[in-house]
file structure.txt (compact mmCIF, N, CA, C and O atoms)
# COMPACT_ATOMS: atom_id res chain seq x y z
N MET T 1 4.17 24.85 24.42
CA MET T 1 5.26 23.94 24.74
C MET T 1 4.93 22.51 24.31
O MET T 1 5.76 21.84 23.75
N ALA T 2 3.72 22.06 24.56
CA ALA T 2 3.34 20.70 24.21
C ALA T 2 3.38 20.49 22.70
O ALA T 2 3.76 19.43 22.22
N LYS T 3 2.99 21.51 21.94
CA LYS T 3 3.01 21.40 20.49
C LYS T 3 4.44 21.24 19.98
O LYS T 3 4.71 20.45 19.09
N LYS T 4 5.38 21.97 20.58
CA LYS T 4 6.78 21.87 20.18
C LYS T 4 7.31 20.47 20.47
O LYS T 4 8.05 19.90 19.67
N ASP T 5 6.93 19.90 21.60
CA ASP T 5 7.36 18.54 21.95
C ASP T 5 6.84 17.53 20.92
O ASP T 5 7.55 16.63 20.51
N ARG T 6 5.57 17.70 20.51
CA ARG T 6 5.00 16.80 19.51
C ARG T 6 5.72 16.94 18.18
O ARG T 6 5.98 15.95 17.50
N THR T 7 6.05 18.15 17.81
CA THR T 7 6.76 18.40 16.56
C THR T 7 8.15 17.78 16.60
O THR T 7 8.58 17.15 15.63
N THR T 8 8.84 17.93 17.72
CA THR T 8 10.17 17.35 17.88
C THR T 8 10.10 15.83 17.83
O THR T 8 10.91 15.19 17.16
N GLU T 9 9.13 15.25 18.51
CA GLU T 9 8.96 13.80 18.50
C GLU T 9 8.63 13.29 17.10
O GLU T 9 9.12 12.25 16.67
N ALA T 10 7.77 14.03 16.40
CA ALA T 10 7.41 13.63 15.03
C ALA T 10 8.63 13.67 14.12
O ALA T 10 8.82 12.78 13.28
N ALA T 11 9.47 14.68 14.29
CA ALA T 11 10.70 14.79 13.48
C ALA T 11 11.65 13.64 13.80
O ALA T 11 12.27 13.06 12.89
N LYS T 12 11.77 13.29 15.08
CA LYS T 12 12.64 12.18 15.47
C LYS T 12 12.13 10.87 14.89
O LYS T 12 12.91 10.04 14.42
N GLU T 13 10.82 10.67 14.95
CA GLU T 13 10.23 9.45 14.41
C GLU T 13 10.44 9.36 12.90
O GLU T 13 10.76 8.30 12.37
N LYS T 14 10.27 10.48 12.21
CA LYS T 14 10.49 10.50 10.76
C LYS T 14 11.95 10.17 10.44
O LYS T 14 12.23 9.42 9.49
N ASP T 15 12.87 10.69 11.22
CA ASP T 15 14.29 10.42 11.02
C ASP T 15 14.58 8.93 11.26
O ASP T 15 15.34 8.31 10.51
N ARG T 16 13.97 8.33 12.30
CA ARG T 16 14.13 6.90 12.55
C ARG T 16 13.62 6.08 11.37
O ARG T 16 14.26 5.13 10.94
N GLU T 17 12.45 6.48 10.85
CA GLU T 17 11.87 5.76 9.72
C GLU T 17 12.76 5.86 8.48
O GLU T 17 12.94 4.87 7.77
N LYS T 18 13.34 7.04 8.24
CA LYS T 18 14.24 7.21 7.10
C LYS T 18 15.47 6.33 7.26
O LYS T 18 15.93 5.70 6.31
N TRP T 19 16.03 6.30 8.47
CA TRP T 19 17.21 5.48 8.73
C TRP T 19 16.88 4.01 8.46
O TRP T 19 17.63 3.31 7.77
N MET T 20 15.76 3.53 8.99
CA MET T 20 15.36 2.14 8.82
C MET T 20 15.10 1.81 7.35
O MET T 20 15.48 0.74 6.88
N ALA T 21 14.46 2.71 6.64
CA ALA T 21 14.18 2.47 5.22
C ALA T 21 15.48 2.33 4.43
O ALA T 21 15.64 1.42 3.61
N ARG T 22 16.40 3.24 4.66
CA ARG T 22 17.69 3.17 3.95
C ARG T 22 18.44 1.90 4.32
O ARG T 22 19.02 1.23 3.47
N PHE T 23 18.43 1.56 5.59
CA PHE T 23 19.09 0.34 6.07
C PHE T 23 18.52 -0.89 5.35
O PHE T 23 19.25 -1.73 4.85
N GLN T 24 17.20 -0.96 5.27
CA GLN T 24 16.55 -2.12 4.64
C GLN T 24 16.88 -2.20 3.16
O GLN T 24 17.17 -3.29 2.64
N VAL T 25 16.85 -1.08 2.47
CA VAL T 25 17.15 -1.08 1.04
C VAL T 25 18.60 -1.49 0.80
O VAL T 25 18.88 -2.34 -0.05
N ARG T 26 19.51 -0.90 1.53
CA ARG T 26 20.94 -1.23 1.36
C ARG T 26 21.21 -2.69 1.73
O ARG T 26 22.02 -3.35 1.09
N LEU T 27 20.54 -3.17 2.75
CA LEU T 27 20.72 -4.56 3.15
C LEU T 27 20.21 -5.50 2.07
O LEU T 27 20.88 -6.47 1.70
N ALA T 28 19.06 -5.20 1.52
CA ALA T 28 18.48 -6.05 0.48
C ALA T 28 19.35 -6.09 -0.77
O ALA T 28 19.30 -7.07 -1.53
N MET T 29 20.17 -5.08 -0.99
CA MET T 29 21.04 -5.03 -2.16
C MET T 29 22.33 -5.84 -1.98
O MET T 29 23.06 -6.07 -2.95
N GLN T 30 22.60 -6.30 -0.78
CA GLN T 30 23.83 -7.05 -0.53
C GLN T 30 23.72 -8.47 -1.10
O GLN T 30 22.64 -9.06 -1.08
N PRO T 31 24.83 -9.02 -1.59
CA PRO T 31 24.79 -10.37 -2.17
C PRO T 31 24.33 -11.43 -1.17
O PRO T 31 24.80 -11.47 -0.03
N GLY T 32 23.38 -12.26 -1.61
CA GLY T 32 22.91 -13.37 -0.80
C GLY T 32 21.86 -13.03 0.22
O GLY T 32 21.37 -13.91 0.93
N VAL T 33 21.49 -11.77 0.32
CA VAL T 33 20.49 -11.37 1.32
C VAL T 33 19.10 -11.69 0.79
O VAL T 33 18.76 -11.36 -0.33
N ASP T 34 18.32 -12.36 1.63
CA ASP T 34 16.94 -12.65 1.28
C ASP T 34 16.02 -12.01 2.31
O ASP T 34 16.48 -11.31 3.22
N ARG T 35 14.73 -12.25 2.16
CA ARG T 35 13.74 -11.62 3.04
C ARG T 35 13.98 -11.98 4.51
O ARG T 35 13.85 -11.13 5.39
N ALA T 36 14.33 -13.22 4.78
CA ALA T 36 14.55 -13.66 6.16
C ALA T 36 15.70 -12.89 6.81
O ALA T 36 15.62 -12.51 7.99
N VAL T 37 16.75 -12.64 6.05
CA VAL T 37 17.90 -11.89 6.58
C VAL T 37 17.48 -10.45 6.89
O VAL T 37 17.82 -9.91 7.95
N VAL T 38 16.75 -9.83 5.97
CA VAL T 38 16.29 -8.46 6.20
C VAL T 38 15.41 -8.41 7.44
O VAL T 38 15.60 -7.54 8.31
N LEU T 39 14.47 -9.33 7.56
CA LEU T 39 13.58 -9.34 8.73
C LEU T 39 14.35 -9.54 10.03
O LEU T 39 14.07 -8.88 11.03
N GLN T 40 15.33 -10.44 10.02
CA GLN T 40 16.13 -10.67 11.22
C GLN T 40 16.92 -9.43 11.62
O GLN T 40 16.95 -9.04 12.78
N ALA T 41 17.55 -8.79 10.64
CA ALA T 41 18.35 -7.60 10.93
C ALA T 41 17.48 -6.45 11.42
O ALA T 41 17.84 -5.76 12.38
N VAL T 42 16.33 -6.26 10.80
CA VAL T 42 15.41 -5.20 11.24
C VAL T 42 14.92 -5.48 12.66
O VAL T 42 14.84 -4.56 13.49
N LYS T 43 14.63 -6.73 12.94
CA LYS T 43 14.18 -7.09 14.30
C LYS T 43 15.27 -6.78 15.32
O LYS T 43 14.98 -6.25 16.40
N GLU T 44 16.51 -7.10 14.98
CA GLU T 44 17.62 -6.83 15.90
C GLU T 44 17.75 -5.34 16.18
O GLU T 44 17.92 -4.92 17.33
N VAL T 45 17.67 -4.53 15.13
CA VAL T 45 17.82 -3.08 15.28
C VAL T 45 16.65 -2.52 16.09
O VAL T 45 16.84 -1.75 17.04
N THR T 46 15.43 -2.88 15.73
CA THR T 46 14.26 -2.32 16.42
C THR T 46 14.21 -2.77 17.87
O THR T 46 13.85 -1.98 18.75
N THR T 47 14.57 -4.01 18.14
CA THR T 47 14.59 -4.50 19.53
C THR T 47 15.61 -3.73 20.35
O THR T 47 15.33 -3.28 21.46
N HIS T 48 16.81 -3.57 19.79
CA HIS T 48 17.85 -2.83 20.51
C HIS T 48 17.40 -1.40 20.80
O HIS T 48 17.54 -0.91 21.93
N CYS T 49 16.86 -0.74 19.79
CA CYS T 49 16.44 0.65 19.97
C CYS T 49 15.27 0.77 20.94
O CYS T 49 15.21 1.73 21.72
N ALA T 50 14.36 -0.19 20.92
CA ALA T 50 13.23 -0.17 21.86
C ALA T 50 13.72 -0.40 23.29
O ALA T 50 13.25 0.24 24.23
N ASP T 51 14.69 -1.30 23.46
CA ASP T 51 15.21 -1.61 24.79
C ASP T 51 16.03 -0.47 25.37
O ASP T 51 15.98 -0.21 26.57
N THR T 52 16.81 0.20 24.52
CA THR T 52 17.73 1.22 25.02
C THR T 52 17.20 2.64 24.88
O THR T 52 17.69 3.55 25.52
N GLY T 53 16.22 2.82 23.97
CA GLY T 53 15.72 4.17 23.69
C GLY T 53 16.64 4.96 22.77
O GLY T 53 16.41 6.14 22.52
N GLU T 54 17.66 4.30 22.23
CA GLU T 54 18.59 4.98 21.34
C GLU T 54 18.01 5.11 19.93
O GLU T 54 17.21 4.29 19.50
N HIS T 55 18.46 6.14 19.25
CA HIS T 55 18.15 6.29 17.83
C HIS T 55 19.05 5.31 17.08
O HIS T 55 20.19 5.07 17.49
N PRO T 56 18.57 4.70 16.00
CA PRO T 56 19.41 3.74 15.28
C PRO T 56 20.75 4.31 14.81
O PRO T 56 21.76 3.63 14.82
N ARG T 57 20.76 5.60 14.44
CA ARG T 57 22.03 6.20 14.00
C ARG T 57 23.02 6.27 15.16
O ARG T 57 24.21 6.04 14.98
N THR T 58 22.53 6.56 16.35
CA THR T 58 23.39 6.61 17.53
C THR T 58 23.93 5.22 17.86
O THR T 58 25.11 5.06 18.17
N ALA T 59 23.06 4.23 17.78
CA ALA T 59 23.44 2.87 18.16
C ALA T 59 24.27 2.17 17.09
O ALA T 59 25.20 1.43 17.41
N PHE T 60 23.93 2.38 15.82
CA PHE T 60 24.53 1.59 14.75
C PHE T 60 25.29 2.40 13.71
O PHE T 60 25.91 1.83 12.82
N GLY T 61 25.20 3.72 13.76
CA GLY T 61 25.93 4.56 12.81
C GLY T 61 25.23 4.69 11.48
O GLY T 61 24.00 4.64 11.39
N ASP T 62 26.01 4.81 10.44
CA ASP T 62 25.51 4.99 9.08
C ASP T 62 24.71 3.76 8.64
O ASP T 62 25.18 2.63 8.80
N PRO T 63 23.51 3.95 8.08
CA PRO T 63 22.70 2.79 7.68
C PRO T 63 23.35 1.95 6.58
O PRO T 63 23.19 0.73 6.56
N ASP T 64 24.10 2.59 5.67
CA ASP T 64 24.77 1.85 4.60
C ASP T 64 25.83 0.91 5.17
O ASP T 64 25.89 -0.27 4.83
N ALA T 65 26.67 1.45 6.04
CA ALA T 65 27.73 0.64 6.65
C ALA T 65 27.13 -0.44 7.54
O ALA T 65 27.62 -1.58 7.55
N CYS T 66 26.09 -0.11 8.24
CA CYS T 66 25.43 -1.09 9.11
C CYS T 66 24.85 -2.23 8.28
O CYS T 66 24.92 -3.39 8.68
N ALA T 67 24.29 -1.92 7.11
CA ALA T 67 23.73 -2.95 6.24
C ALA T 67 24.82 -3.90 5.74
O ALA T 67 24.62 -5.12 5.72
N VAL T 68 25.95 -3.34 5.37
CA VAL T 68 27.07 -4.18 4.90
C VAL T 68 27.54 -5.10 6.02
O VAL T 68 27.77 -6.30 5.81
N GLN T 69 27.66 -4.56 7.22
CA GLN T 69 28.09 -5.36 8.36
C GLN T 69 27.07 -6.44 8.71
O GLN T 69 27.43 -7.58 9.01
N ALA T 70 25.79 -6.08 8.67
CA ALA T 70 24.74 -7.05 8.99
C ALA T 70 24.74 -8.19 7.97
O ALA T 70 24.61 -9.36 8.34
N ALA T 71 24.90 -7.85 6.70
CA ALA T 71 24.93 -8.89 5.66
C ALA T 71 26.13 -9.81 5.87
O ALA T 71 26.00 -11.03 5.76
N ALA T 72 27.27 -9.24 6.18
CA ALA T 72 28.48 -10.05 6.41
C ALA T 72 28.28 -10.99 7.59
O ALA T 72 28.79 -12.12 7.59
N ARG T 73 27.53 -10.54 8.57
CA ARG T 73 27.31 -11.34 9.78
C ARG T 73 26.21 -12.39 9.59
O ARG T 73 26.31 -13.50 10.10
N LEU T 74 25.18 -12.06 8.83
CA LEU T 74 24.00 -12.92 8.76
C LEU T 74 23.93 -13.84 7.53
O LEU T 74 23.20 -14.82 7.54
N VAL T 75 24.67 -13.51 6.47
CA VAL T 75 24.63 -14.32 5.25
C VAL T 75 25.84 -15.24 5.24
O VAL T 75 26.97 -14.77 5.36
N PRO T 76 25.60 -16.55 5.09
CA PRO T 76 26.74 -17.47 5.00
C PRO T 76 27.66 -17.08 3.84
O PRO T 76 27.19 -16.68 2.76
N ALA T 77 28.94 -17.19 4.06
CA ALA T 77 29.94 -16.76 3.06
C ALA T 77 29.74 -17.45 1.72
O ALA T 77 29.88 -16.81 0.67
N ASP T 78 29.42 -18.74 1.72
CA ASP T 78 29.26 -19.45 0.44
C ASP T 78 28.05 -18.93 -0.33
O ASP T 78 28.10 -18.81 -1.55
N ARG T 79 26.98 -18.58 0.37
CA ARG T 79 25.79 -18.05 -0.31
C ARG T 79 26.08 -16.67 -0.89
O ARG T 79 25.68 -16.35 -2.01
N ALA T 80 26.80 -15.84 -0.15
CA ALA T 80 27.15 -14.50 -0.64
C ALA T 80 28.06 -14.61 -1.86
O ALA T 80 27.88 -13.90 -2.85
N ALA T 81 29.02 -15.52 -1.83
CA ALA T 81 29.94 -15.70 -2.96
C ALA T 81 29.17 -16.20 -4.19
O ALA T 81 29.42 -15.73 -5.31
N ARG T 82 28.26 -17.13 -3.98
CA ARG T 82 27.45 -17.65 -5.10
C ARG T 82 26.62 -16.53 -5.71
O ARG T 82 26.52 -16.40 -6.93
N ALA T 83 26.03 -15.68 -4.87
CA ALA T 83 25.22 -14.56 -5.36
C ALA T 83 26.09 -13.56 -6.13
O ALA T 83 25.65 -13.02 -7.15
N ARG T 84 27.31 -13.31 -5.67
CA ARG T 84 28.22 -12.41 -6.39
C ARG T 84 28.57 -12.97 -7.76
O ARG T 84 28.59 -12.25 -8.75
N ARG T 85 28.86 -14.29 -7.81
CA ARG T 85 29.19 -14.91 -9.10
C ARG T 85 28.00 -14.85 -10.04
O ARG T 85 28.16 -14.54 -11.22
N HIS T 86 26.82 -15.10 -9.53
CA HIS T 86 25.61 -15.05 -10.35
C HIS T 86 25.40 -13.64 -10.87
O HIS T 86 25.10 -13.44 -12.05
N GLY T 87 25.57 -12.65 -10.01
CA GLY T 87 25.41 -11.25 -10.42
C GLY T 87 26.42 -10.86 -11.49
O GLY T 87 26.09 -10.17 -12.45
N ALA T 88 27.64 -11.33 -11.35
CA ALA T 88 28.67 -11.03 -12.34
C ALA T 88 28.34 -11.67 -13.69
O ALA T 88 28.51 -11.06 -14.74
N ALA T 89 27.83 -12.89 -13.65
CA ALA T 89 27.46 -13.58 -14.89
C ALA T 89 26.30 -12.86 -15.58
O ALA T 89 26.30 -12.68 -16.81
N VAL T 90 25.33 -12.43 -14.82
CA VAL T 90 24.19 -11.70 -15.38
C VAL T 90 24.65 -10.38 -15.98
O VAL T 90 24.23 -10.00 -17.08
N ASP T 91 25.53 -9.68 -15.29
CA ASP T 91 26.07 -8.41 -15.81
C ASP T 91 26.82 -8.62 -17.11
O ASP T 91 26.69 -7.83 -18.06
N THR T 92 27.61 -9.68 -17.19
CA THR T 92 28.37 -9.98 -18.40
C THR T 92 27.43 -10.28 -19.56
O THR T 92 27.60 -9.77 -20.67
N LEU T 93 26.44 -11.11 -19.30
CA LEU T 93 25.47 -11.46 -20.34
C LEU T 93 24.72 -10.22 -20.81
O LEU T 93 24.53 -10.01 -22.01
N ASP T 94 24.33 -9.36 -19.88
CA ASP T 94 23.63 -8.12 -20.24
C ASP T 94 24.51 -7.24 -21.12
O ASP T 94 24.05 -6.68 -22.12
N SER T 95 25.78 -7.15 -20.79
CA SER T 95 26.71 -6.35 -21.58
C SER T 95 26.86 -6.90 -23.00
O SER T 95 26.86 -6.15 -23.98
N VAL T 96 26.98 -8.21 -23.10
CA VAL T 96 27.10 -8.86 -24.42
C VAL T 96 25.84 -8.62 -25.24
O VAL T 96 25.91 -8.30 -26.44
N LEU T 97 24.68 -8.75 -24.63
CA LEU T 97 23.42 -8.52 -25.34
C LEU T 97 23.30 -7.08 -25.82
O LEU T 97 22.83 -6.83 -26.93
N ARG T 98 23.72 -6.12 -25.00
CA ARG T 98 23.68 -4.72 -25.42
C ARG T 98 24.59 -4.47 -26.62
O ARG T 98 24.23 -3.77 -27.55
N ARG T 99 25.79 -5.05 -26.59
CA ARG T 99 26.72 -4.88 -27.71
C ARG T 99 26.15 -5.51 -28.98
O ARG T 99 26.27 -4.96 -30.07
N ALA T 100 25.53 -6.66 -28.83
CA ALA T 100 24.93 -7.34 -29.99
C ALA T 100 23.80 -6.50 -30.57
O ALA T 100 23.67 -6.38 -31.80
N GLN T 101 23.01 -5.87 -29.71
CA GLN T 101 21.93 -5.00 -30.19
C GLN T 101 22.49 -3.79 -30.91
O GLN T 101 21.95 -3.36 -31.93
N ASP T 102 23.61 -3.26 -30.42
CA ASP T 102 24.24 -2.11 -31.08
C ASP T 102 24.74 -2.50 -32.48
O ASP T 102 24.61 -1.73 -33.43
N ILE T 103 25.30 -3.69 -32.59
CA ILE T 103 25.82 -4.16 -33.87
C ILE T 103 24.69 -4.38 -34.86
O ILE T 103 24.77 -3.97 -36.02
N VAL T 104 23.62 -5.00 -34.39
CA VAL T 104 22.49 -5.30 -35.26
C VAL T 104 21.70 -4.03 -35.56
O VAL T 104 21.03 -3.93 -36.57
N GLY T 105 21.79 -3.06 -34.69
CA GLY T 105 21.10 -1.79 -34.90
C GLY T 105 19.71 -1.75 -34.29
O GLY T 105 18.84 -1.05 -34.78
N LEU T 106 19.51 -2.51 -33.25
CA LEU T 106 18.20 -2.49 -32.59
C LEU T 106 18.09 -1.38 -31.57
O LEU T 106 18.88 -0.90 -30.96

call {"tool": "encode", "arguments": {"input": "structure.txt", "output": "structure tokens"}}
result
Amino acid sequence: MAKKDRTTEAAKEKDREKWMARFQVRLAMQPGVDRAVVLQAVKEVTTHCADTGEHPRTAFGDPDACAVQAAARLVPADRAARARRHGAAVDTLDSVLRRAQDIVGL
């Protein structure tokens, strides 16, 4: 019986770790998110889960959706907009460079 309990707990812990890893990656991909934002959001989630004993999926739902919501809440709107514009400019430049390479035959 004790071995089964350890196995169940290990599986739950692995699931928590997977949820947190996906949450962190998705959060880091959001416009304007920096290390401080990721650390703050992770601290909020871990503190809540430690205080309540809830699994992050139970408390916060899907890690992707939670990351989007956390970014919207923690990143100032002007910084997120600036990051989106910068990303769009980089994507456009990359596309132009690829087309130029195709024309030149590189």

call {"tool": "closest_residue", "arguments": {"input": "structure.txt", "among": "T:Asp34, T:Asp64, T:Glu54, T:Glu9", "to": "Ala21 (chain T)", "atoms": "only C-alpha atoms"}}
result
T:Asp64

call {"tool": "axis_aligned_box", "arguments": {"input": "structure.txt", "around": "region 11-17 of chain T", "padding_each_side": "8 Å", "output": "JSON"}}
result
{"center_x": 12.4, "center_y": 9.8, "center_z": 11.6, "size_x": 21.9, "size_y": 25.9, "size_z": 23.7}

call {"tool": "atom_distance", "arguments": {"input": "structure.txt", "atom1": "CA of Val38 (chain T)", "atom2": "CA of Ala70 (chain T)"}}
result
9.0 Å

call {"tool": "residues_around", "arguments": {"input": "structure.txt", "residues": "Gly61 (chain T)", "least_positions_apart": "6", "cutoff": "12 Å", "atoms": "only C-alpha atoms", "output": "ChimeraX atom specification"}}
result
/T:19-20,23,45,54-55,67-69

call {"tool": "write_last_selection", "arguments": {"input": "structure.txt", "atoms": "N, CA, C and O atoms", "output": "short mmCIF file (atom, residue, chain, number, x, y, z; two decimals), in the coordinates of the input"}}
result
data_model
loop_
_atom_site.label_atom_id
_atom_site.label_comp_id
_atom_site.auth_asym_id
_atom_site.auth_seq_id
_atom_site.Cartn_x
_atom_site.Cartn_y
_atom_site.Cartn_z
N TRP T 19 16.03 6.30 8.47
CA TRP T 19 17.21 5.48 8.73
C TRP T 19 16.88 4.01 8.46
O TRP T 19 17.63 3.31 7.77
N MET T 20 15.76 3.53 8.99
CA MET T 20 15.36 2.14 8.82
C MET T 20 15.10 1.81 7.35
O MET T 20 15.48 0.74 6.88
N PHE T 23 18.43 1.56 5.59
CA PHE T 23 19.09 0.34 6.07
C PHE T 23 18.52 -0.89 5.35
O PHE T 23 19.25 -1.73 4.85
N VAL T 45 17.67 -4.53 15.13
CA VAL T 45 17.82 -3.08 15.28
C VAL T 45 16.65 -2.52 16.09
O VAL T 45 16.84 -1.75 17.04
N GLU T 54 17.66 4.30 22.23
CA GLU T 54 18.59 4.98 21.34
C GLU T 54 18.01 5.11 19.93
O GLU T 54 17.21 4.29 19.50
N HIS T 55 18.46 6.14 19.25
CA HIS T 55 18.15 6.29 17.83
C HIS T 55 19.05 5.31 17.08
O HIS T 55 20.19 5.07 17.49
N ALA T 67 24.29 -1.92 7.11
CA ALA T 67 23.73 -2.95 6.24
C ALA T 67 24.82 -3.90 5.74
O ALA T 67 24.62 -5.12 5.72
N VAL T 68 25.95 -3.34 5.37
CA VAL T 68 27.07 -4.18 4.90
C VAL T 68 27.54 -5.10 6.02
O VAL T 68 27.77 -6.30 5.81
N GLN T 69 27.66 -4.56 7.22
CA GLN T 69 28.09 -5.36 8.36
C GLN T 69 27.07 -6.44 8.71
O GLN T 69 27.43 -7.58 9.01
#

call {"tool": "atom_distance", "arguments": {"input": "structure.txt", "atom1": "atom O of Pro31 (chain T)", "atom2": "atom N of Thr92 (chain T)"}}
result
17.5 Å

call {"tool": "atom_distance", "arguments": {"input": "structure.txt", "atom1": "CA of Gly32 (chain T)", "atom2": "CA of Arg73 (chain T)"}}
result
11.6 Å
